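Structure file coords.cif (mmCIF, C-alpha atoms) is printed below.
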```cif
data_structure
loop_
_atom_site.label_atom_id
_atom_site.label_comp_id
_atom_site.auth_asym_id
_atom_site.auth_seq_id
_atom_site.Cartn_x
_atom_site.Cartn_y
_atom_site.Cartn_z
CA MET E 1 0.22 13.88 -26.37
CA PRO E 2 2.36 11.56 -24.19
CA GLN E 3 2.66 7.91 -25.08
CA ARG E 4 2.37 5.27 -22.35
CA GLY E 5 2.94 1.57 -22.28
CA PHE E 6 -0.25 -0.34 -21.58
CA SER E 7 -0.02 -4.11 -21.80
CA THR E 8 -2.23 -5.95 -24.26
CA SER E 9 -2.48 -8.73 -21.67
CA TYR E 10 -4.42 -6.34 -19.40
CA TRP E 11 -7.75 -8.14 -19.91
CA THR E 12 -6.30 -11.58 -19.10
CA ASP E 13 -4.43 -10.52 -15.95
CA PRO E 14 -5.79 -12.58 -13.00
CA PHE E 15 -6.17 -9.40 -10.90
CA ILE E 16 -8.26 -7.73 -13.63
CA LEU E 17 -10.39 -10.82 -14.29
CA LYS E 18 -11.75 -10.70 -10.71
CA LEU E 19 -12.67 -7.00 -10.79
CA PRO E 20 -16.20 -5.68 -11.39
CA GLN E 21 -16.70 -3.87 -14.69
CA GLU E 22 -16.48 -0.38 -13.19
CA ALA E 23 -13.20 -1.18 -11.41
CA LYS E 24 -11.69 -2.47 -14.68
CA LEU E 25 -12.57 0.84 -16.31
CA LEU E 26 -11.19 2.83 -13.40
CA TYR E 27 -7.90 0.91 -13.33
CA ALA E 28 -7.39 1.38 -17.08
CA TYR E 29 -8.24 5.07 -16.67
CA LEU E 30 -5.71 5.53 -13.84
CA TRP E 31 -2.98 4.21 -16.18
CA THR E 32 -3.96 6.19 -19.24
CA ASN E 33 -5.51 9.53 -18.26
CA MET E 34 -3.87 12.80 -19.22
CA HIS E 35 -3.24 13.72 -15.55
CA CYS E 36 -1.01 10.68 -14.99
CA ASN E 37 2.67 11.59 -14.98
CA GLN E 38 5.82 9.56 -15.68
CA ALA E 39 5.98 8.35 -12.07
CA GLY E 40 2.39 7.08 -11.90
CA LEU E 41 2.04 9.04 -8.65
CA TYR E 42 -0.06 12.11 -9.28
CA GLU E 43 -2.67 14.50 -7.98
CA ILE E 44 -6.22 14.13 -9.25
CA ALA E 45 -9.58 15.00 -7.73
CA LEU E 46 -12.38 12.44 -7.48
CA GLU E 47 -14.61 14.90 -9.32
CA THR E 48 -12.20 14.82 -12.26
CA ILE E 49 -12.19 11.02 -12.28
CA ALA E 50 -15.99 10.96 -12.17
CA PHE E 51 -16.34 13.50 -14.95
CA GLU E 52 -13.82 11.84 -17.29
CA THR E 53 -14.94 8.23 -16.72
CA GLY E 54 -18.67 8.77 -16.29
CA LEU E 55 -18.54 6.77 -13.04
CA PRO E 56 -20.81 8.00 -10.23
CA PRO E 57 -18.70 10.13 -7.83
CA GLU E 58 -20.05 8.34 -4.77
CA ASP E 59 -18.80 4.97 -6.14
CA ILE E 60 -15.21 6.01 -6.82
CA PRO E 61 -13.80 5.65 -3.26
CA ARG E 62 -15.19 2.09 -3.05
CA LEU E 63 -13.85 1.25 -6.53
CA ILE E 64 -10.40 2.59 -5.68
CA ARG E 65 -10.34 0.36 -2.59
CA THR E 66 -11.04 -2.68 -4.82
CA LEU E 67 -7.82 -1.85 -6.70
CA GLU E 68 -5.64 -2.22 -3.58
CA PRO E 69 -2.78 -3.21 -3.39
CA LYS E 70 -2.14 -2.21 -7.03
CA VAL E 71 -3.32 1.35 -6.39
CA ALA E 72 -2.80 3.50 -3.32
CA TRP E 73 -5.09 6.47 -2.68
CA TYR E 74 -4.32 9.40 -0.41
CA PRO E 75 -7.67 11.25 -0.29
CA ASP E 76 -6.52 14.10 1.95
CA GLN E 77 -3.95 15.08 -0.72
CA ASN E 78 -5.93 13.96 -3.81
CA LEU E 79 -3.04 11.63 -4.71
CA ILE E 80 -3.24 8.39 -6.65
CA TRP E 81 -0.31 6.01 -6.96
CA VAL E 82 -0.51 3.30 -9.60
CA LYS E 83 2.16 1.17 -7.98
CA ASN E 84 3.41 -0.86 -10.96
CA PHE E 85 3.18 2.03 -13.42
CA LEU E 86 6.87 2.87 -13.60
CA ARG E 87 7.88 -0.78 -13.82
CA HIS E 88 5.88 -1.18 -17.03
CA GLN E 89 7.27 1.92 -18.78
CA THR E 90 10.54 2.44 -20.58
CA LYS E 91 13.57 2.51 -18.31
CA SER E 92 15.50 5.07 -20.36
CA PRO E 93 17.54 7.54 -18.30
CA LYS E 94 15.47 10.45 -19.67
CA PHE E 95 12.17 8.81 -18.66
CA LEU E 96 13.47 7.96 -15.18
CA ALA E 97 14.75 11.53 -14.76
CA ALA E 98 11.30 12.82 -15.76
CA ALA E 99 9.71 10.46 -13.19
CA ALA E 100 12.08 11.80 -10.52
CA LYS E 101 11.14 15.37 -11.45
CA CYS E 102 7.45 14.51 -10.93
CA LEU E 103 8.21 13.50 -7.34
CA ASN E 104 9.33 17.04 -6.52
CA SER E 105 5.74 18.25 -6.69
CA ILE E 106 4.39 15.63 -4.26
CA GLY E 107 5.21 17.47 -1.03
CA ASN E 108 5.07 14.30 1.08
CA ASN E 109 8.60 13.04 1.68
CA GLY E 110 7.36 9.92 3.47
CA LEU E 111 5.33 8.94 0.41
CA VAL E 112 8.24 9.75 -1.93
CA LYS E 113 10.50 7.52 0.18
CA GLU E 114 7.90 4.72 0.03
CA PHE E 115 7.67 5.20 -3.76
CA LEU E 116 11.46 5.02 -4.18
CA ASP E 117 11.76 1.97 -1.90
CA PHE E 118 8.92 0.15 -3.70
CA ASN E 119 10.49 0.72 -7.12
CA ARG E 120 13.97 -0.17 -5.86
CA GLN E 121 12.57 -3.56 -4.73
CA HIS E 122 11.58 -4.09 -8.38
CA ASN E 123 15.00 -3.00 -9.67
CA VAL E 124 13.82 0.38 -10.92
CA PHE E 125 16.24 3.03 -9.73
CA ILE E 126 15.13 6.63 -10.03
CA PRO E 127 17.70 9.46 -9.99
CA TYR E 128 15.75 11.40 -7.37
CA GLN E 129 17.57 14.13 -5.48
CA TYR E 130 16.77 14.75 -1.84
CA PRO E 131 14.52 17.78 -1.35
CA LYS E 132 16.02 21.16 -0.57
CA ALA E 133 14.75 20.76 3.01
CA ALA E 134 17.55 18.23 3.55
CA VAL E 135 20.38 19.14 5.88
CA ALA E 136 23.97 18.91 4.61
CA ILE E 137 26.49 17.78 7.21
CA PRO E 138 30.16 17.75 6.14
CA ASP E 139 31.74 14.31 6.57
CA SER E 140 34.34 14.16 9.30
CA GLY E 141 37.80 13.45 8.00
CA THR E 142 37.15 15.08 4.63
CA ASP E 143 38.68 18.25 3.35
CA THR E 144 36.30 21.07 4.22
CA HIS E 145 37.01 22.64 0.83
CA THR E 146 35.40 19.75 -1.08
CA ASP E 147 31.76 19.45 -2.02
CA THR E 148 31.33 16.05 -0.32
CA ALA E 149 28.68 15.96 2.39
CA THR E 150 26.34 13.51 4.01
CA VAL E 151 22.79 14.55 3.27
CA THR E 152 20.09 13.62 5.73
CA ASP E 153 16.45 13.76 4.66
CA THR E 154 14.82 15.52 7.59
CA SER E 155 11.50 13.71 7.12
CA THR E 156 12.81 10.16 6.93
CA GLY E 157 16.29 10.24 8.44
CA ALA E 158 17.67 8.64 5.25
CA ARG E 159 21.32 9.51 4.62
CA ALA E 160 23.26 9.70 1.39
CA VAL E 161 26.71 10.92 0.42
CA LYS E 162 26.67 13.75 -2.08
CA GLY E 163 29.59 15.31 -3.77
#
```
For this file, produce the structure as structure tokens.
Amino acid sequence: MPQRGFSTSYWTDPFILKLPQEAKLLYAYLWTNMHCNQAGLYEIALETIAFETGLPPEDIPRLIRTLEPKVAWYPDQNLIWVKNFLRHQTKSPKFLAAAAKCLNSIGNNGLVKEFLDFNRQHNVFIPYQYPKAAVAIPDSGTDTHTDTATVTDTSTGARAVKG
């Protein structure tokens, strides 16, 4: 069973203190459930949340909205993003590589870019590789026999030098 960091100061956090009881339970659940991955950005159905927490299914969308901006919900994809999750976990290279691997299953490059940018703002750098849908364009002025190329993410226009 995976181990996760969960702060003992959870119950005294000013954000948590203001939440209704059900939202406190939901937020703790989103951090600690077995569906949560190393990135804190994962797919989960509302029915699963309701079943595992005992919360009424019709209340969950409203409760998730009370957790904004700490949690982002993408209902059309059944995605939950616990935004500060990665920041509060170990920063070992192996853990960060595992978090990057989790992003490959997301299938929403705009959301992955937002995730990477958010974590970069908090000095958490994830060794995420651009998806295979990226286009490799050889750099001008480089030897065409080298592996150096500028990679452009087709969904975001982000460019990076690989090689």
Take the PyMOL selection byres ((chain E and resi 39-54) around 10), run it mentally on this structure, and tell me the resulting residues as a VMD selection string. chain E and resid 22 25 to 26 29 to 33 35 to 38 55 to 61 71 to 75 77 to 87 89 95 to 103 105 to 106 111 to 112 115 126
Using the selection just defined, write its residues with C-alpha atoms as an mmCIF file, keeping the file's coordinate frame.
```
data_model
loop_
_atom_site.group_PDB
_atom_site.id
_atom_site.type_symbol
_atom_site.label_atom_id
_atom_site.label_comp_id
_atom_site.auth_asym_id
_atom_site.auth_seq_id
_atom_site.Cartn_x
_atom_site.Cartn_y
_atom_site.Cartn_z
ATOM 1 C CA GLU E 22 -16.480 -0.380 -13.190
ATOM 2 C CA LEU E 25 -12.570 0.840 -16.310
ATOM 3 C CA LEU E 26 -11.190 2.830 -13.400
ATOM 4 C CA TYR E 29 -8.240 5.070 -16.670
ATOM 5 C CA LEU E 30 -5.710 5.530 -13.840
ATOM 6 C CA TRP E 31 -2.980 4.210 -16.180
ATOM 7 C CA THR E 32 -3.960 6.190 -19.240
ATOM 8 C CA ASN E 33 -5.510 9.530 -18.260
ATOM 9 C CA HIS E 35 -3.240 13.720 -15.550
ATOM 10 C CA CYS E 36 -1.010 10.680 -14.990
ATOM 11 C CA ASN E 37 2.670 11.590 -14.980
ATOM 12 C CA GLN E 38 5.820 9.560 -15.680
ATOM 13 C CA LEU E 55 -18.540 6.770 -13.040
ATOM 14 C CA PRO E 56 -20.810 8.000 -10.230
ATOM 15 C CA PRO E 57 -18.700 10.130 -7.830
ATOM 16 C CA GLU E 58 -20.050 8.340 -4.770
ATOM 17 C CA ASP E 59 -18.800 4.970 -6.140
ATOM 18 C CA ILE E 60 -15.210 6.010 -6.820
ATOM 19 C CA PRO E 61 -13.800 5.650 -3.260
ATOM 20 C CA VAL E 71 -3.320 1.350 -6.390
ATOM 21 C CA ALA E 72 -2.800 3.500 -3.320
ATOM 22 C CA TRP E 73 -5.090 6.470 -2.680
ATOM 23 C CA TYR E 74 -4.320 9.400 -0.410
ATOM 24 C CA PRO E 75 -7.670 11.250 -0.290
ATOM 25 C CA GLN E 77 -3.950 15.080 -0.720
ATOM 26 C CA ASN E 78 -5.930 13.960 -3.810
ATOM 27 C CA LEU E 79 -3.040 11.630 -4.710
ATOM 28 C CA ILE E 80 -3.240 8.390 -6.650
ATOM 29 C CA TRP E 81 -0.310 6.010 -6.960
ATOM 30 C CA VAL E 82 -0.510 3.300 -9.600
ATOM 31 C CA LYS E 83 2.160 1.170 -7.980
ATOM 32 C CA ASN E 84 3.410 -0.860 -10.960
ATOM 33 C CA PHE E 85 3.180 2.030 -13.420
ATOM 34 C CA LEU E 86 6.870 2.870 -13.600
ATOM 35 C CA ARG E 87 7.880 -0.780 -13.820
ATOM 36 C CA GLN E 89 7.270 1.920 -18.780
ATOM 37 C CA PHE E 95 12.170 8.810 -18.660
ATOM 38 C CA LEU E 96 13.470 7.960 -15.180
ATOM 39 C CA ALA E 97 14.750 11.530 -14.760
ATOM 40 C CA ALA E 98 11.300 12.820 -15.760
ATOM 41 C CA ALA E 99 9.710 10.460 -13.190
ATOM 42 C CA ALA E 100 12.080 11.800 -10.520
ATOM 43 C CA LYS E 101 11.140 15.370 -11.450
ATOM 44 C CA CYS E 102 7.450 14.510 -10.930
ATOM 45 C CA LEU E 103 8.210 13.500 -7.340
ATOM 46 C CA SER E 105 5.740 18.250 -6.690
ATOM 47 C CA ILE E 106 4.390 15.630 -4.260
ATOM 48 C CA LEU E 111 5.330 8.940 0.410
ATOM 49 C CA VAL E 112 8.240 9.750 -1.930
ATOM 50 C CA PHE E 115 7.670 5.200 -3.760
ATOM 51 C CA ILE E 126 15.130 6.630 -10.030
#
```
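For the pair atom CA of Thr66 of chain E and atom CA of Thr90 of chain E, the interatomic distance is 27.2 Å.
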Nearest residue to Leu19 of chain E out of E:His88, E:Leu63, E:Asn123, E:Asn104, using only C-alpha atoms?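 Once distances to Leu19 of chain E are computed over only C-alpha atoms, the minimum belongs to E:Leu63.
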Between atom CA of Asn119 of chain E and atom CA of Ala28 of chain E, measure the distance and give it in Å to one decimal.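 A separation of 20.5 Å between them.
Pairwise distance (atom CA of Ile16 of chain E, atom CA of Arg62 of chain E) equals 16.0 Å.
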Given 8 Å on each side, where is the centre and what are the edge lengths in Å to one decimal of the axis-aligned box enclosing the listed atoms of segment 51-57 of chain E, as JSON?
```
{"center_x": -17.3, "center_y": 10.1, "center_z": -12.6, "size_x": 23.0, "size_y": 22.7, "size_z": 25.5}
```
Restricting the calculation to all atoms listed in the file: of E:Gln21, E:Tyr27, E:Pro127, E:Thr12, which residue gets closest to Lys91 of chain E?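 The answer is E:Pro127, which sits nearest to Lys91 of chain E.
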Could you add whatever atoms are missing so that segment 75-104 of chain E carries N, CA and C atoms, then write the result as a PDB file, keeping the file's coordinate frame?
```pdb
ATOM      1  N   PRO E  75      -6.574  10.304  -0.037  1.00  0.00           N
ATOM      2  CA  PRO E  75      -7.670  11.250  -0.290  1.00  0.00           C
ATOM      3  C   PRO E  75      -7.440  12.657   0.253  1.00  0.00           C
ATOM      4  N   ASP E  76      -6.732  12.773   1.374  1.00  0.00           N
ATOM      5  CA  ASP E  76      -6.520  14.100   1.950  1.00  0.00           C
ATOM      6  C   ASP E  76      -5.604  14.963   1.084  1.00  0.00           C
ATOM      7  N   GLN E  77      -4.840  14.340   0.179  1.00  0.00           N
ATOM      8  CA  GLN E  77      -3.950  15.080  -0.720  1.00  0.00           C
ATOM      9  C   GLN E  77      -4.380  14.940  -2.184  1.00  0.00           C
ATOM     10  N   ASN E  78      -5.478  14.231  -2.437  1.00  0.00           N
ATOM     11  CA  ASN E  78      -5.930  13.960  -3.810  1.00  0.00           C
ATOM     12  C   ASN E  78      -4.842  13.275  -4.636  1.00  0.00           C
ATOM     13  N   LEU E  79      -4.116  12.341  -4.011  1.00  0.00           N
ATOM     14  CA  LEU E  79      -3.040  11.630  -4.710  1.00  0.00           C
ATOM     15  C   LEU E  79      -3.449  10.207  -5.022  1.00  0.00           C
ATOM     16  N   ILE E  80      -3.078   9.780  -6.208  1.00  0.00           N
ATOM     17  CA  ILE E  80      -3.240   8.390  -6.650  1.00  0.00           C
ATOM     18  C   ILE E  80      -1.856   7.870  -6.998  1.00  0.00           C
ATOM     19  N   TRP E  81      -1.566   6.644  -6.580  1.00  0.00           N
ATOM     20  CA  TRP E  81      -0.310   6.010  -6.960  1.00  0.00           C
ATOM     21  C   TRP E  81      -0.641   4.674  -7.598  1.00  0.00           C
ATOM     22  N   VAL E  82      -0.386   4.568  -8.887  1.00  0.00           N
ATOM     23  CA  VAL E  82      -0.510   3.300  -9.600  1.00  0.00           C
ATOM     24  C   VAL E  82       0.847   2.615  -9.416  1.00  0.00           C
ATOM     25  N   LYS E  83       0.891   1.672  -8.497  1.00  0.00           N
ATOM     26  CA  LYS E  83       2.160   1.170  -7.980  1.00  0.00           C
ATOM     27  C   LYS E  83       3.075   0.526  -9.025  1.00  0.00           C
ATOM     28  N   ASN E  84       2.547  -0.203  -9.976  1.00  0.00           N
ATOM     29  CA  ASN E  84       3.410  -0.860 -10.960  1.00  0.00           C
ATOM     30  C   ASN E  84       3.603  -0.038 -12.229  1.00  0.00           C
ATOM     31  N   PHE E  85       3.128   1.200 -12.220  1.00  0.00           N
ATOM     32  CA  PHE E  85       3.180   2.030 -13.420  1.00  0.00           C
ATOM     33  C   PHE E  85       4.594   2.151 -13.968  1.00  0.00           C
ATOM     34  N   LEU E  86       5.511   2.608 -13.146  1.00  0.00           N
ATOM     35  CA  LEU E  86       6.870   2.870 -13.600  1.00  0.00           C
ATOM     36  C   LEU E  86       7.566   1.598 -14.093  1.00  0.00           C
ATOM     37  N   ARG E  87       7.281   0.508 -13.437  1.00  0.00           N
ATOM     38  CA  ARG E  87       7.880  -0.780 -13.820  1.00  0.00           C
ATOM     39  C   ARG E  87       7.519  -1.181 -15.243  1.00  0.00           C
ATOM     40  N   HIS E  88       6.358  -0.763 -15.709  1.00  0.00           N
ATOM     41  CA  HIS E  88       5.880  -1.180 -17.030  1.00  0.00           C
ATOM     42  C   HIS E  88       6.136  -0.130 -18.107  1.00  0.00           C
ATOM     43  N   GLN E  89       6.911   0.902 -17.794  1.00  0.00           N
ATOM     44  CA  GLN E  89       7.270   1.920 -18.780  1.00  0.00           C
ATOM     45  C   GLN E  89       8.724   1.718 -19.183  1.00  0.00           C
ATOM     46  N   THR E  90       9.149   2.496 -20.138  1.00  0.00           N
ATOM     47  CA  THR E  90      10.540   2.440 -20.580  1.00  0.00           C
ATOM     48  C   THR E  90      11.455   2.795 -19.412  1.00  0.00           C
ATOM     49  N   LYS E  91      12.626   2.234 -19.394  1.00  0.00           N
ATOM     50  CA  LYS E  91      13.570   2.510 -18.310  1.00  0.00           C
ATOM     51  C   LYS E  91      14.713   3.410 -18.815  1.00  0.00           C
ATOM     52  N   SER E  92      14.449   4.199 -19.836  1.00  0.00           N
ATOM     53  CA  SER E  92      15.500   5.070 -20.360  1.00  0.00           C
ATOM     54  C   SER E  92      15.876   6.096 -19.288  1.00  0.00           C
ATOM     55  N   PRO E  93      17.122   6.538 -19.288  1.00  0.00           N
ATOM     56  CA  PRO E  93      17.540   7.540 -18.300  1.00  0.00           C
ATOM     57  C   PRO E  93      16.693   8.813 -18.355  1.00  0.00           C
ATOM     58  N   LYS E  94      16.293   9.238 -19.547  1.00  0.00           N
ATOM     59  CA  LYS E  94      15.470  10.450 -19.670  1.00  0.00           C
ATOM     60  C   LYS E  94      14.096  10.248 -19.029  1.00  0.00           C
ATOM     61  N   PHE E  95      13.492   9.071 -19.238  1.00  0.00           N
ATOM     62  CA  PHE E  95      12.170   8.810 -18.660  1.00  0.00           C
ATOM     63  C   PHE E  95      12.275   8.738 -17.144  1.00  0.00           C
ATOM     64  N   LEU E  96      13.297   8.065 -16.628  1.00  0.00           N
ATOM     65  CA  LEU E  96      13.470   7.960 -15.180  1.00  0.00           C
ATOM     66  C   LEU E  96      13.758   9.322 -14.548  1.00  0.00           C
ATOM     67  N   ALA E  97      14.503  10.171 -15.266  1.00  0.00           N
ATOM     68  CA  ALA E  97      14.750  11.530 -14.760  1.00  0.00           C
ATOM     69  C   ALA E  97      13.442  12.320 -14.733  1.00  0.00           C
ATOM     70  N   ALA E  98      12.600  12.139 -15.736  1.00  0.00           N
ATOM     71  CA  ALA E  98      11.300  12.820 -15.760  1.00  0.00           C
ATOM     72  C   ALA E  98      10.415  12.321 -14.613  1.00  0.00           C
ATOM     73  N   ALA E  99      10.472  11.020 -14.316  1.00  0.00           N
ATOM     74  CA  ALA E  99       9.710  10.460 -13.190  1.00  0.00           C
ATOM     75  C   ALA E  99      10.201  11.073 -11.879  1.00  0.00           C
ATOM     76  N   ALA E 100      11.508  11.196 -11.730  1.00  0.00           N
ATOM     77  CA  ALA E 100      12.080  11.800 -10.520  1.00  0.00           C
ATOM     78  C   ALA E 100      11.621  13.247 -10.380  1.00  0.00           C
ATOM     79  N   LYS E 101      11.570  13.970 -11.483  1.00  0.00           N
ATOM     80  CA  LYS E 101      11.140  15.370 -11.450  1.00  0.00           C
ATOM     81  C   LYS E 101       9.680  15.480 -10.974  1.00  0.00           C
ATOM     82  N   CYS E 102       8.854  14.510 -11.356  1.00  0.00           N
ATOM     83  CA  CYS E 102       7.450  14.510 -10.930  1.00  0.00           C
ATOM     84  C   CYS E 102       7.331  14.393  -9.413  1.00  0.00           C
ATOM     85  N   LEU E 103       8.264  13.706  -8.789  1.00  0.00           N
ATOM     86  CA  LEU E 103       8.210  13.500  -7.340  1.00  0.00           C
ATOM     87  C   LEU E 103       8.412  14.798  -6.572  1.00  0.00           C
ATOM     88  N   ASN E 104       9.083  15.761  -7.195  1.00  0.00           N
ATOM     89  CA  ASN E 104       9.330  17.040  -6.520  1.00  0.00           C
ATOM     90  C   ASN E 104       8.046  17.775  -6.181  1.00  0.00           C
TER      91      ASN E 104
END
```
